[in-house]
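Novice: Below is a structure I'd like to ask you about.
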Amino acid sequence: MVILSNLFPVFAMIGMGKLLKHFNLTSDTFLKTSDRLVYFFFFPALLFWKIGGAQRSASIDWNFCIATICSVLSGYIFSLIFIFLFKVPAFKAGTFSQSCYRFSSYIGIAIILSASGEEGVRHYGILIGFVIPVINVLAVSTLIWFSGESYDFRDRCRITIGAIISNPLIAACVAGVLYSRFFHNFPPFLDNSLRMVSSAAIPLSLLSIGGSLTFKAVKDDFKLSLAAAAIKLIIFPSTGYLFYRVFSVTGVPFGVGMIFFALPTSTAIYILSSQLGSDTKLASAAIMISTILSFFSLSAALILGVR
């Protein structure tokens with residue numbers, strides 16, 4: 001029942017997004033505009049509202065954050081080992097590596113809000129505030145390394161720092177933590193405004209994910225995208241589970257973290273691969289495969305998280 005209650009609405013919305021696009025009820029222009037609105041406005045507003053309204057006494061669970069970052073680094077190392085062992089072409093290597101540890105933050109918050117409520121969203125928001133900078137450094141560095149372009153150290157730093165500073169999710173998480181520390185409660189008029197704005201974030205993001213899914217690229221890169229999905233949805237969560245045991249992570253943070261590990265790869269890998277000269281077709285295939293297969297990894301994560 002826990003799987004049906006928490007996963008069915010999310011995947012139903014993703015499927016609806018695919019159907020709406022198929023019947024031309026949405027368009028590429030609409031989806032691009034929706035993505036921008038969610039990324040720069042609706043989703044940051046949701047994070048700020050949920051984190052900023054948390055209890056002032058709530059503190060950061062450092063064991064939870066450190067264990068998760070260790071797991072991300074392990075996922076990155078596994079991706080590099082696979083690249084060198086199986087001689088993944090340089091043009092595909094940066095995209096493949098990203099596919100193994102980047103996560104869909106939109107699907108994550110939809111499931112965590114349903115499964116763990118506002119406390120879970122608070123832990124998730126703080127977690128991604130720490131994890132996203134690490135992931136950006138890893139992703140940008142790897143894409144540049146395999147791009148064949150002669151970027152100097154200053155260019156690498158500029159691109160990486162730019163990707164971190166311009167990320168509105170990080171800014172929203174930091175702003176939410178600061179607001180919670182100094183002000184705690186939102187006044188009713190602001191709370192109601194943020195509630196109304198935030199209500200658009202999850203449905204729009206899930207419809208957009210569904211509308212962007214395509215089977216066209218899967219055929220040519222099926223094996224490599226399946227390998228990336230195996231690392232992302234099997235090895236990554238397994239490693240994360242072990243790190244949580246070592247760092248004694250329990251309760252709501254444990255459940256939130258297991259959902260985080262089981263999430264499909266982020267649609268952002270397509271954009272970054274395009275910007276830094278890696279394989280966008282592989283990115284599309286990896287997103288498609290991992291999104292479909294994540295139903296099983298997320299089911300396992302929910303079962304573990306409620307024990």
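For the structure tokens, the naming scheme is as follows: chains receive sequential letters (A, B, ...) according to their order of presentation, residues are indexed from 1 within each chain, and ligands are indexed from 1 in presentation order.
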So that I can see what lies close to A:Asp28, please list as JSON, numbers by chain the residues with an atom at most 12 Å from it, counting only C-alpha atoms and leaving out residues fewer than 2 positions away in the same chain.
Specialist: {"A": [17, 18, 20, 21, 22, 24, 25, 26, 30, 31, 32, 33, 34, 35, 208, 209, 210, 211, 212, 213]}
Novice: Write a file of the just-selected residues containing N, CA and C atoms, as an mmCIF file, in the first residue's frame.
Specialist:
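To be explicit, this is the file written out as result_15.cif:
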data_model
loop_
_atom_site.group_PDB
_atom_site.id
_atom_site.type_symbol
_atom_site.label_atom_id
_atom_site.label_comp_id
_atom_site.auth_asym_id
_atom_site.auth_seq_id
_atom_site.Cartn_x
_atom_site.Cartn_y
_atom_site.Cartn_z
ATOM 1 N N GLY A 17 1.861 13.506 -18.594
ATOM 2 C CA GLY A 17 2.668 14.450 -19.352
ATOM 3 C C GLY A 17 3.049 13.909 -20.714
ATOM 4 N N LYS A 18 3.362 12.614 -20.768
ATOM 5 C CA LYS A 18 3.683 11.970 -22.047
ATOM 6 C C LYS A 18 2.463 11.937 -22.964
ATOM 7 N N LEU A 20 -0.227 13.948 -22.889
ATOM 8 C CA LEU A 20 -0.568 15.305 -23.318
ATOM 9 C C LEU A 20 0.316 15.753 -24.474
ATOM 10 N N LYS A 21 1.600 15.398 -24.399
ATOM 11 C CA LYS A 21 2.510 15.754 -25.493
ATOM 12 C C LYS A 21 2.172 14.950 -26.751
ATOM 13 N N HIS A 22 1.833 13.683 -26.585
ATOM 14 C CA HIS A 22 1.502 12.819 -27.722
ATOM 15 C C HIS A 22 0.287 13.347 -28.487
ATOM 16 N N ASN A 24 -0.634 16.408 -28.606
ATOM 17 C CA ASN A 24 -0.379 17.817 -28.949
ATOM 18 C C ASN A 24 -1.150 18.801 -28.075
ATOM 19 N N LEU A 25 -1.463 18.374 -26.857
ATOM 20 C CA LEU A 25 -2.089 19.290 -25.907
ATOM 21 C C LEU A 25 -1.038 20.131 -25.185
ATOM 22 N N THR A 26 0.212 19.695 -25.259
ATOM 23 C CA THR A 26 1.349 20.514 -24.846
ATOM 24 C C THR A 26 2.334 20.536 -26.003
ATOM 25 N N PHE A 30 5.837 25.085 -24.748
ATOM 26 C CA PHE A 30 5.205 25.072 -23.430
ATOM 27 C C PHE A 30 6.095 24.373 -22.403
ATOM 28 N N LEU A 31 6.665 23.230 -22.783
ATOM 29 C CA LEU A 31 7.488 22.460 -21.850
ATOM 30 C C LEU A 31 8.749 23.214 -21.457
ATOM 31 N N LYS A 32 9.367 23.899 -22.418
ATOM 32 C CA LYS A 32 10.561 24.680 -22.101
ATOM 33 C C LYS A 32 10.219 25.833 -21.161
ATOM 34 N N THR A 33 9.106 26.499 -21.422
ATOM 35 C CA THR A 33 8.675 27.592 -20.549
ATOM 36 C C THR A 33 8.329 27.078 -19.160
ATOM 37 N N SER A 34 7.653 25.941 -19.115
ATOM 38 C CA SER A 34 7.290 25.331 -17.837
ATOM 39 C C SER A 34 8.535 24.952 -17.046
ATOM 40 N N ASP A 35 9.515 24.366 -17.725
ATOM 41 C CA ASP A 35 10.774 23.998 -17.063
ATOM 42 C C ASP A 35 11.427 25.214 -16.415
ATOM 43 N N SER A 208 6.107 18.065 -17.140
ATOM 44 C CA SER A 208 7.228 18.428 -18.007
ATOM 45 C C SER A 208 8.185 17.261 -18.206
ATOM 46 N N ILE A 209 8.458 16.517 -17.141
ATOM 47 C CA ILE A 209 9.318 15.339 -17.256
ATOM 48 C C ILE A 209 8.695 14.327 -18.213
ATOM 49 N N GLY A 210 7.401 14.071 -18.044
ATOM 50 C CA GLY A 210 6.717 13.124 -18.928
ATOM 51 C C GLY A 210 6.736 13.571 -20.370
ATOM 52 N N GLY A 211 6.507 14.862 -20.603
ATOM 53 C CA GLY A 211 6.489 15.378 -21.968
ATOM 54 C C GLY A 211 7.833 15.335 -22.653
ATOM 55 N N SER A 212 8.917 15.366 -21.863
ATOM 56 C CA SER A 212 10.264 15.371 -22.452
ATOM 57 C C SER A 212 10.817 13.967 -22.697
ATOM 58 N N LEU A 213 10.155 12.929 -22.165
ATOM 59 C CA LEU A 213 10.649 11.568 -22.355
ATOM 60 C C LEU A 213 10.450 11.130 -23.808
#
Novice: Show me a table, sorted first by chain and then by increasing residue number, of the residues of stretch 31-108 of chain A having an atom at most 12 Å from stretch 230-248 of chain A, each with its shortest atom pair and the distance in Å to one decimal, counting only C-alpha atoms and written as a Markdown table.
Specialist:
| residue | atom | partner | partner_atom | distance |
| --- | --- | --- | --- | --- |
| A:Asp61 | CA | A:Phe247 | CA | 10.9 |
| A:Trp62 | CA | A:Phe247 | CA | 9.7 |
| A:Asn63 | CA | A:Phe247 | CA | 5.9 |
| A:Phe64 | CA | A:Tyr244 | CA | 7.2 |
| A:Cys65 | CA | A:Tyr244 | CA | 9.9 |
| A:Ile66 | CA | A:Phe247 | CA | 8.4 |
| A:Ala67 | CA | A:Phe243 | CA | 5.5 |
| A:Thr68 | CA | A:Gly240 | CA | 6.6 |
| A:Ile69 | CA | A:Gly240 | CA | 9.2 |
| A:Cys70 | CA | A:Phe243 | CA | 7.4 |
| A:Ser71 | CA | A:Gly240 | CA | 5.1 |
| A:Val72 | CA | A:Phe236 | CA | 7.6 |
| A:Leu73 | CA | A:Phe236 | CA | 9.8 |
| A:Ser74 | CA | A:Thr239 | CA | 7.4 |
| A:Gly75 | CA | A:Phe236 | CA | 5.5 |
| A:Tyr76 | CA | A:Phe236 | CA | 9.2 |
| A:Ile77 | CA | A:Phe236 | CA | 10.5 |
| A:Phe78 | CA | A:Ile231 | CA | 7.4 |
| A:Ser79 | CA | A:Ile231 | CA | 7.5 |
| A:Leu80 | CA | A:Ile231 | CA | 11.1 |
| A:Ile81 | CA | A:Ile231 | CA | 11.1 |
| A:Phe82 | CA | A:Ile231 | CA | 9.4 |
| A:Ile83 | CA | A:Ile231 | CA | 12.0 |
| A:Phe96 | CA | A:Ile231 | CA | 10.3 |
| A:Ser97 | CA | A:Ile231 | CA | 9.8 |
| A:Gln98 | CA | A:Lys232 | CA | 9.6 |
| A:Ser99 | CA | A:Lys232 | CA | 7.1 |
| A:Cys100 | CA | A:Lys232 | CA | 4.5 |
| A:Tyr101 | CA | A:Lys232 | CA | 5.8 |
| A:Arg102 | CA | A:Lys232 | CA | 8.3 |
| A:Phe103 | CA | A:Lys232 | CA | 8.8 |
| A:Ser104 | CA | A:Lys232 | CA | 11.5 |
Novice: Please build the interface table for stretch 37-124 of chain A against stretch 195-199 of chain A with a cut-off of 8 Å, listing for each qualifying residue the nearest atom pair and the distance in Å to one decimal; count only C-alpha atoms, order rows by chain and increasing number, and write it as a tab-separated table.
Specialist:
residue	atom	partner	partner_atom	distance
A:Phe42	CA	A:Ser198	CA	5.6
A:Phe43	CA	A:Ser198	CA	6.8
A:Ala45	CA	A:Ser198	CA	6.0
A:Leu46	CA	A:Ser198	CA	4.6
A:Trp49	CA	A:Arg195	CA	7.5
Novice: Can I get the selected residues back with N, CA and C atoms, as a CSV table (one decimal), in the first residue's frame?
Specialist:
chain,number,residue,atom,x,y,z
A,42,PHE,N,8.9,28.4,-9.2
A,42,PHE,CA,8.0,27.6,-8.4
A,42,PHE,C,8.7,26.6,-7.4
A,43,PHE,N,9.7,25.9,-7.9
A,43,PHE,CA,10.4,24.9,-7.1
A,43,PHE,C,11.2,25.6,-6.0
A,45,ALA,N,10.6,28.4,-4.6
A,45,ALA,CA,9.6,29.0,-3.7
A,45,ALA,C,9.1,27.8,-2.7
A,46,LEU,N,8.9,26.6,-3.3
A,46,LEU,CA,8.5,25.5,-2.5
A,46,LEU,C,9.5,25.2,-1.4
A,49,TRP,N,9.7,27.8,1.3
A,49,TRP,CA,8.5,27.8,2.2
A,49,TRP,C,8.6,26.6,3.2
Novice: Taking the DSSP assignment computed from this structure's backbone, write out as JSON, numbers by chain all residues of stretch 26-214 of chain A that belong to alpha helix (DSSP H).
Specialist: {"A": [28, 29, 30, 31, 32, 33, 34, 35, 36, 37, 43, 44, 45, 46, 47, 48, 49, 50, 51, 52, 62, 63, 64, 65, 66, 67, 68, 69, 70, 71, 72, 73, 74, 75, 76, 77, 78, 79, 80, 81, 82, 83, 84, 85, 90, 91, 92, 93, 94, 95, 96, 97, 98, 99, 105, 106, 107, 108, 109, 110, 111, 112, 113, 114, 115, 116, 117, 118, 119, 120, 121, 122, 123, 124, 125, 126, 127, 128, 129, 130, 131, 132, 133, 134, 135, 136, 137, 138, 139, 140, 141, 142, 143, 144, 145, 146, 147, 153, 154, 155, 156, 157, 158, 159, 160, 161, 162, 163, 164, 165, 168, 169, 170, 171, 172, 173, 174, 175, 176, 177, 178, 179, 180, 181, 182, 188, 189, 190, 191, 192, 193, 194, 195, 196, 197, 198, 201, 202, 203, 204, 205, 206, 207, 208, 209, 210, 211, 212]}
Novice: Could you take the residues named above and write them with C-alpha atoms, as a tab-separated table (two decimals), in the first residue's frame?
Specialist:
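This is the output file out-v5.tsv:
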chain	number	residue	atom	x	y	z
A	28	ASP	CA	7.99	21.91	-26.89
A	29	THR	CA	7.59	25.64	-26.32
A	30	PHE	CA	5.21	25.07	-23.43
A	31	LEU	CA	7.49	22.46	-21.85
A	32	LYS	CA	10.56	24.68	-22.10
A	33	THR	CA	8.67	27.59	-20.55
A	34	SER	CA	7.29	25.33	-17.84
A	35	ASP	CA	10.77	24.00	-17.06
A	36	ARG	CA	12.11	27.51	-16.64
A	37	LEU	CA	9.22	28.57	-14.42
A	43	PHE	CA	10.41	24.92	-7.05
A	44	PRO	CA	12.69	27.41	-5.22
A	45	ALA	CA	9.56	28.95	-3.66
A	46	LEU	CA	8.47	25.50	-2.47
A	47	LEU	CA	11.86	24.76	-0.91
A	48	PHE	CA	12.07	28.17	0.76
A	49	TRP	CA	8.55	27.80	2.16
A	50	LYS	CA	9.04	24.28	3.54
A	51	ILE	CA	12.53	24.89	4.98
A	52	GLY	CA	11.86	28.43	6.19
A	62	TRP	CA	25.62	16.28	9.76
A	63	ASN	CA	25.99	12.48	9.75
A	64	PHE	CA	23.16	12.33	7.22
A	65	CYS	CA	24.75	14.94	4.96
A	66	ILE	CA	28.29	13.54	5.19
A	67	ALA	CA	27.16	9.95	4.56
A	68	THR	CA	25.17	11.07	1.51
A	69	ILE	CA	28.10	13.03	0.07
A	70	CYS	CA	30.36	9.99	0.58
A	71	SER	CA	27.81	7.94	-1.35
A	72	VAL	CA	27.73	10.47	-4.20
A	73	LEU	CA	31.53	10.34	-4.42
A	74	SER	CA	31.34	6.54	-4.50
A	75	GLY	CA	28.80	6.66	-7.34
A	76	TYR	CA	31.13	8.97	-9.23
A	77	ILE	CA	34.07	6.61	-8.71
A	78	PHE	CA	31.99	3.65	-9.93
A	79	SER	CA	31.15	5.59	-13.09
A	80	LEU	CA	34.84	6.29	-13.79
A	81	ILE	CA	35.78	2.66	-13.18
A	82	PHE	CA	33.17	1.56	-15.71
A	83	ILE	CA	34.34	4.17	-18.25
A	84	PHE	CA	37.94	2.96	-18.12
A	85	LEU	CA	37.19	-0.78	-17.84
A	90	ALA	CA	35.27	10.19	-24.66
A	91	PHE	CA	32.28	11.78	-26.41
A	92	LYS	CA	29.92	9.67	-24.29
A	93	ALA	CA	31.98	9.45	-21.07
A	94	GLY	CA	30.95	12.76	-19.47
A	95	THR	CA	27.27	12.09	-20.07
A	96	PHE	CA	27.55	8.51	-18.83
A	97	SER	CA	29.27	9.61	-15.62
A	98	GLN	CA	26.56	12.19	-14.84
A	99	SER	CA	23.86	9.58	-15.39
A	105	SER	CA	15.02	16.70	-7.60
A	106	TYR	CA	11.42	17.20	-8.81
A	107	ILE	CA	10.44	13.54	-8.54
A	108	GLY	CA	12.27	13.41	-5.22
A	109	ILE	CA	10.31	16.17	-3.55
A	110	ALA	CA	7.00	14.82	-4.88
A	111	ILE	CA	7.61	11.41	-3.30
A	112	ILE	CA	9.22	12.70	-0.09
A	113	LEU	CA	6.40	15.18	0.54
A	114	SER	CA	3.90	12.34	0.21
A	115	ALA	CA	5.90	9.78	2.22
A	116	SER	CA	7.56	11.89	4.94
A	117	GLY	CA	5.67	15.18	5.03
A	118	GLU	CA	7.16	18.56	5.82
A	119	GLU	CA	9.91	17.16	8.06
A	120	GLY	CA	11.11	15.00	5.18
A	121	VAL	CA	11.07	17.97	2.78
A	122	ARG	CA	13.16	19.97	5.25
A	123	HIS	CA	15.82	17.24	5.42
A	124	TYR	CA	15.71	16.84	1.65
A	125	GLY	CA	16.05	20.57	1.05
A	126	ILE	CA	19.07	20.90	3.33
A	127	LEU	CA	20.59	17.78	1.80
A	128	ILE	CA	20.37	19.00	-1.80
A	129	GLY	CA	21.82	22.33	-0.66
A	130	PHE	CA	24.99	20.40	0.25
A	131	VAL	CA	24.90	17.79	-2.50
A	132	ILE	CA	24.20	19.92	-5.59
A	133	PRO	CA	27.49	21.88	-5.36
A	134	VAL	CA	29.44	18.62	-5.04
A	135	ILE	CA	27.60	17.09	-8.00
A	136	ASN	CA	28.18	20.17	-10.14
A	137	VAL	CA	31.91	20.09	-9.45
A	138	LEU	CA	32.10	16.39	-10.36
A	139	ALA	CA	29.92	16.70	-13.46
A	140	VAL	CA	31.55	19.81	-14.93
A	141	SER	CA	35.09	18.58	-14.22
A	142	THR	CA	34.42	15.22	-15.87
A	143	LEU	CA	32.71	16.72	-18.91
A	144	ILE	CA	35.62	19.11	-19.41
A	145	TRP	CA	38.18	16.33	-18.91
A	146	PHE	CA	36.66	14.15	-21.63
A	147	SER	CA	35.66	17.00	-23.96
A	153	PHE	CA	42.29	25.97	-14.69
A	154	ARG	CA	40.66	29.41	-14.60
A	155	ASP	CA	38.04	28.37	-17.18
A	156	ARG	CA	37.26	25.19	-15.27
A	157	CYS	CA	36.78	27.12	-12.04
A	158	ARG	CA	34.66	29.76	-13.78
A	159	ILE	CA	32.31	27.20	-15.35
A	160	THR	CA	31.98	25.20	-12.13
A	161	ILE	CA	31.44	28.19	-9.84
A	162	GLY	CA	28.99	29.68	-12.33
A	163	ALA	CA	26.95	26.46	-12.34
A	164	ILE	CA	26.79	26.52	-8.53
A	165	ILE	CA	26.08	30.22	-8.00
A	168	PRO	CA	18.28	28.72	-7.71
A	169	LEU	CA	17.66	25.56	-5.66
A	170	ILE	CA	20.81	26.14	-3.62
A	171	ALA	CA	19.86	29.80	-3.08
A	172	ALA	CA	16.35	28.80	-1.96
A	173	CYS	CA	17.69	26.21	0.51
A	174	VAL	CA	20.18	28.67	2.03
A	175	ALA	CA	17.52	31.39	2.25
A	176	GLY	CA	15.11	28.94	3.89
A	177	VAL	CA	17.64	27.87	6.53
A	178	LEU	CA	18.48	31.50	7.35
A	179	TYR	CA	14.81	32.49	7.56
A	180	SER	CA	14.09	29.53	9.84
A	181	ARG	CA	16.94	30.53	12.14
A	182	PHE	CA	16.01	34.18	12.49
A	188	PRO	CA	-0.31	34.36	7.37
A	189	PHE	CA	-0.41	36.50	4.22
A	190	LEU	CA	3.09	35.34	3.17
A	191	ASP	CA	2.44	31.73	4.19
A	192	ASN	CA	-0.73	31.61	2.07
A	193	SER	CA	1.03	33.26	-0.88
A	194	LEU	CA	3.91	30.79	-0.78
A	195	ARG	CA	1.46	27.89	-0.39
A	196	MET	CA	-0.39	29.00	-3.53
A	197	VAL	CA	2.80	29.50	-5.57
A	198	SER	CA	4.32	26.21	-4.38
A	201	ALA	CA	5.67	23.24	-8.64
A	202	ILE	CA	5.10	19.49	-8.43
A	203	PRO	CA	2.37	18.97	-11.07
A	204	LEU	CA	4.12	21.23	-13.60
A	205	SER	CA	7.49	19.56	-13.07
A	206	LEU	CA	6.10	16.03	-13.41
A	207	LEU	CA	4.10	16.89	-16.53
A	208	SER	CA	7.23	18.43	-18.01
A	209	ILE	CA	9.32	15.34	-17.26
A	210	GLY	CA	6.72	13.12	-18.93
A	211	GLY	CA	6.49	15.38	-21.97
A	212	SER	CA	10.26	15.37	-22.45
Novice: Please compute the atom CA of A:Ser290-atom CA of A:Ile3 distance, one decimal, in Å.
Specialist: 17.9 Å
Novice: Can you tell me how far atom CA of A:Leu272 sits from atom CA of A:Met16, in Å to one decimal?
Specialist: 26.4 Å
Novice: To one decimal place in Å, what is the distance between atom CA of A:Thr291 and atom CA of A:Asp221?
Specialist: 15.3 Å
Novice: Within 9 Å of A:Ser297, counting only C-alpha atoms, which residues qualify if same-chain residues fewer than 4 places away don't, as a PyMOL selection string?
Specialist: chain A and resi 233-234+237+259+261-264+293+301-302
Novice: Write the residues you've just listed into a file as a compact mmCIF listing (two decimals), in the first residue's frame, and include C-alpha atoms for each of them.
Specialist:
# COMPACT_ATOMS: atom_id res chain seq x y z
CA LEU A 233 19.50 2.59 -9.24
CA ILE A 234 21.25 -0.48 -7.79
CA PRO A 237 21.47 2.98 -3.33
CA ILE A 259 14.50 7.81 -1.71
CA PHE A 261 19.54 7.37 -3.81
CA ALA A 262 16.77 5.59 -5.73
CA LEU A 263 15.74 8.59 -7.86
CA PRO A 264 16.16 8.50 -11.65
CA LEU A 293 13.27 1.57 -13.94
CA ALA A 301 13.50 2.55 -0.95
CA LEU A 302 9.99 3.19 0.39
